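Have a look at the structure below, then the notes.
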Amino acid sequence: VAILLLTDPQPSAPFREALARLAPGESILTDLETARARARDVEAIVLWRLEPGIASLFPRLKMLCASAGGVDKIMACTDRPAGLPVTRTIDADQNLQIAQFVAMMVLRHARRLALYEGQAQRKQWRRHPTPAASAITVGLLGLGASGQAVAAGLKALGMTVMGWSRTAREVPGVECHSGAQGLARMLPRSDVLVCLLPLTPQTSGLLGRDLFEQLPRGAFVVNVARGALLREHDLAAAVRSGQLAGAALDVQSREPLPPEDPLWDVPGVLVTPHIASLPAPDVVVAQVLENLARVRVGLAPLRQVDEQRGY
Ligand SMILES: NC(=O)c1ccc[n+]([C@@H]2O[C@H](COP(=O)([O-])OP(=O)(O)OC[C@H]3O[C@@H](n4cnc5c(N)ncnc54)[C@H](OP(=O)(O)O)[C@@H]3O)[C@@H](O)[C@H]2O)c1
């Protein structure tokens, strides 16, 4: 039996090394040609994206294991076999990294770091008013594993935190909202809006003109979820009109974002190359092995994606 690594665009070597260390007895395949030749051995695929025509090659495949927290590029595959479990990775350290990244971007905006960096380049020593952290209200779209870590980080910095989820949630110290009405209540009070939603047919394109217009004028947007949640053209227009002060976009609709993309040139928008957090290969592999042990004895895997919800 074998585990197939299709982690591209992440390199497979760190996952292979982690597997060799944590489960020396397991057979590991890293290229499709070898895997085709041993099709009946493949029990699990560790992957970022599922291309059409792949899953059906392996008659004994027991599960698809996402090498990250997001599963959109697996769930969207048109010929994904019905009933084949998809699992995701939940890594506490990764969520802490996202919390750090969001805090850094919110503080960079609130404490006007880009302005001071520009001044420093001109050797200009000039102070500007800074809002107190307690005057900043952050709206979080998504109150899952990463959303809750982000909420804890921002609260520790003294900000007021609100959150929005699909189902009603209770998170200590966070004003929680859900459903369409909850979103409409939260948006007009969000000085900063942070997106931590999974990309599903329901959430795709949610961050567009209608939503931006409901934010207070001069709000700031942080997207650390998936690029397709946000309509980039609408965002650029909202920033240029002054409705938004700017945005920090760690994810984009096209990755890598090509140099000619107009998003790079929108003043106040900072594009980063999907680096808010990276899953630790050891954690991914440990969770795959835990689930492999379960499915081999007929148990359902843990951290399984709900087919109906799509996350
Ligand atoms: N940039 C990065 O480095 C990076 C790293 C990790 C993850 N991510 C992205 O962040 C996403 C979220 O990760 P997570 O671990 O926090 O996911 P999660 O634990 O599954 O939480 C998702 C949250 O979004 C809410 N939600 C889902 N669909 C919704 C809808 N239609 N309307 C309102 N709320 C909805 C869920 O509501 P319920 O609570 O009601 O279920 C939940 O609160 C991932 O899917 C991934 O794409 C990015």
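Quick note on naming: the chains in the structure tokens go A, B, ... in the order shown, residues restart at 1 in each chain, and ligands are numbered from 1 in order of appearance.
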
Next item on the list: Report as a VMD selection string which protein, DNA and RNA residues come within 9 Å of ligand 1, using only C-alpha atoms and all ligand atoms.
Entry: chain A and resid 68 to 72 88 to 91 94 to 95 97 to 98 141 to 149 163 to 169 178 to 180 183 195 to 204 223 to 227 250 to 251 274 to 279 305 309 to 311

Per-residue nearest contacts range 222-289 of chain A to range 106-110 of chain A, cut-off 12 Å, using only C-alpha atoms, as CSV:
residue,atom,partner,partner_atom,distance
A:Val222,CA,A:Val106,CA,7.9
A:Asn223,CA,A:Val106,CA,11.3
A:Leu244,CA,A:His109,CA,11.9
A:Ala245,CA,A:His109,CA,8.9
A:Gly246,CA,A:His109,CA,8.4
A:Ala247,CA,A:His109,CA,8.7
A:Ala248,CA,A:Val106,CA,8.7
A:Leu249,CA,A:Val106,CA,11.9
A:Gly268,CA,A:His109,CA,9.3
A:Val269,CA,A:His109,CA,10.5
A:Leu270,CA,A:His109,CA,10.4

Using C-alpha atoms, can you export the residues from the last selection as a compact mmCIF listing (two decimals), in the first residue's frame?
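Result written to part-v5.txt:
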# COMPACT_ATOMS: atom_id res chain seq x y z
CA VAL A 222 -7.60 42.11 4.88
CA ASN A 223 -8.03 38.91 2.84
CA LEU A 244 -11.87 51.93 1.31
CA ALA A 245 -8.59 53.23 2.74
CA GLY A 246 -6.78 50.23 1.33
CA ALA A 247 -6.31 46.50 1.67
CA ALA A 248 -3.83 43.79 2.52
CA LEU A 249 -4.29 40.90 0.11
CA GLY A 268 -2.96 51.58 -0.44
CA VAL A 269 -3.18 47.94 -1.52
CA LEU A 270 -0.43 45.62 -0.33

Next item on the list: Would you please give, as a PyMOL selection string, all residues of range 73-219 of chain A that DSSP assigns to strand (DSSP E) based on the backbone?
Entry: chain A and resi 86-87+137-141+160-165+175-178+192-195+219

Output for the residues just chosen: N, CA and C atoms as a tab-separated table (two decimals), in the first residue's frame:
chain	number	residue	atom	x	y	z
A	86	VAL	N	-12.85	13.51	2.10
A	86	VAL	CA	-11.81	14.53	1.95
A	86	VAL	C	-11.53	15.05	3.36
A	87	THR	N	-10.26	15.10	3.73
A	87	THR	CA	-9.92	15.60	5.06
A	87	THR	C	-9.07	16.86	4.92
A	137	THR	N	-12.68	48.85	15.62
A	137	THR	CA	-13.56	47.68	15.64
A	137	THR	C	-13.29	46.85	14.40
A	138	VAL	N	-13.00	45.58	14.63
A	138	VAL	CA	-12.68	44.68	13.53
A	138	VAL	C	-13.82	43.69	13.31
A	139	GLY	N	-14.25	43.53	12.07
A	139	GLY	CA	-15.24	42.51	11.73
A	139	GLY	C	-14.54	41.34	11.08
A	140	LEU	N	-14.75	40.14	11.62
A	140	LEU	CA	-14.13	38.94	11.06
A	140	LEU	C	-15.17	38.15	10.29
A	141	LEU	N	-14.91	37.88	9.03
A	141	LEU	CA	-15.78	36.99	8.26
A	141	LEU	C	-15.21	35.59	8.45
A	160	THR	N	-11.77	45.98	19.52
A	160	THR	CA	-13.10	45.37	19.66
A	160	THR	C	-13.29	44.43	18.48
A	161	VAL	N	-13.72	43.21	18.75
A	161	VAL	CA	-13.80	42.21	17.69
A	161	VAL	C	-15.23	41.68	17.55
A	162	MET	N	-15.71	41.70	16.31
A	162	MET	CA	-17.00	41.09	15.98
A	162	MET	C	-16.70	39.96	14.99
A	163	GLY	N	-17.58	38.97	14.93
A	163	GLY	CA	-17.34	37.86	14.01
A	163	GLY	C	-18.62	37.40	13.36
A	164	TRP	N	-18.48	36.83	12.18
A	164	TRP	CA	-19.64	36.36	11.42
A	164	TRP	C	-19.41	34.92	10.97
A	165	SER	N	-20.43	34.10	11.15
A	165	SER	CA	-20.33	32.70	10.72
A	165	SER	C	-21.64	32.27	10.07
A	175	GLU	N	-18.29	39.68	19.71
A	175	GLU	CA	-19.71	39.90	19.39
A	175	GLU	C	-20.02	39.08	18.14
A	176	CYS	N	-20.84	38.05	18.29
A	176	CYS	CA	-21.02	37.09	17.19
A	176	CYS	C	-22.29	37.37	16.39
A	177	HIS	N	-22.17	37.24	15.09
A	177	HIS	CA	-23.30	37.43	14.17
A	177	HIS	C	-23.33	36.24	13.22
A	178	SER	N	-24.52	35.99	12.66
A	178	SER	CA	-24.61	34.94	11.63
A	178	SER	C	-25.72	35.28	10.65
A	192	VAL	N	-12.21	47.70	10.21
A	192	VAL	CA	-11.35	46.78	9.46
A	192	VAL	C	-12.17	45.52	9.23
A	193	LEU	N	-12.13	44.97	8.03
A	193	LEU	CA	-12.83	43.73	7.73
A	193	LEU	C	-11.79	42.68	7.34
A	194	VAL	N	-11.81	41.55	8.04
A	194	VAL	CA	-10.84	40.49	7.78
A	194	VAL	C	-11.58	39.27	7.26
A	195	CYS	N	-11.13	38.73	6.12
A	195	CYS	CA	-11.81	37.57	5.54
A	195	CYS	C	-11.07	36.27	5.87
A	219	ALA	N	-12.77	52.31	5.47
A	219	ALA	CA	-12.47	51.01	6.10
A	219	ALA	C	-11.29	50.34	5.38

Next item on the list: Would you list the contacts of Leu292 in chain A as a list in words, taking every protein, DNA or RNA residue within 9 Å and counting only C-alpha atoms, but skipping same-chain residues closer than 6 positions in sequence?
Entry: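 What passes the distance filter is Glu43, Ala44, Lys62, Met63 and Pro301 of chain A.
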
Margin query: For the helix (DSSP H, G or I) assignment from backbone DSSP, which residues of range 76-287 of chain A qualify? Please present them as a PyMOL selection string.
Written below: chain A and resi 92-110+113-121+133-135+145-156+179-189+209-214+227-229+232-240+262-265+281-287

Can you pull out the residues contacting Pro188 in chain A? Cut-off 8 Å, using only C-alpha atoms, and skip same-chain residues under 4 positions away; I want them as a short mmCIF file (atom, residue, chain, number, x, y, z; two decimals) with C-alpha atoms, in the first residue's frame.
data_model
loop_
_atom_site.label_atom_id
_atom_site.label_comp_id
_atom_site.auth_asym_id
_atom_site.auth_seq_id
_atom_site.Cartn_x
_atom_site.Cartn_y
_atom_site.Cartn_z
CA ALA A 184 -25.76 43.55 7.52
CA GLN A 214 -21.90 48.81 3.60
CA LEU A 215 -18.57 49.39 5.38
CA PRO A 216 -17.81 52.74 7.03
#

Next item on the list: Measure the distance from CA of Asp265 in chain A to CA of His128 in chain A in Å and round it to one decimal.
Entry: 24.9 Å

Next item on the list: Tell me which protein, DNA and RNA residues are within 9 Å of Pro81 in chain A, counting only C-alpha atoms, leaving out same-chain ones fewer than 3 positions away, and put them as a list of chain:residue names.
Entry: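 Within the cut-off, the hits are A:Ala55, A:Ser56, A:Thr78, A:Leu84.
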
Mind writing the picked residues with C-alpha atoms as a PDB file, in the first residue's frame?
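Okay, selection.pdb is ready:
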ATOM      1  CA  ALA A  55      -8.807  10.019  -8.342  1.00  0.00           C
ATOM      2  CA  SER A  56     -10.403   7.424 -10.646  1.00  0.00           C
ATOM      3  CA  THR A  78     -15.593  17.932 -11.371  1.00  0.00           C
ATOM      4  CA  LEU A  84     -14.651   9.477  -1.087  1.00  0.00           C
TER       5      LEU A  84
END
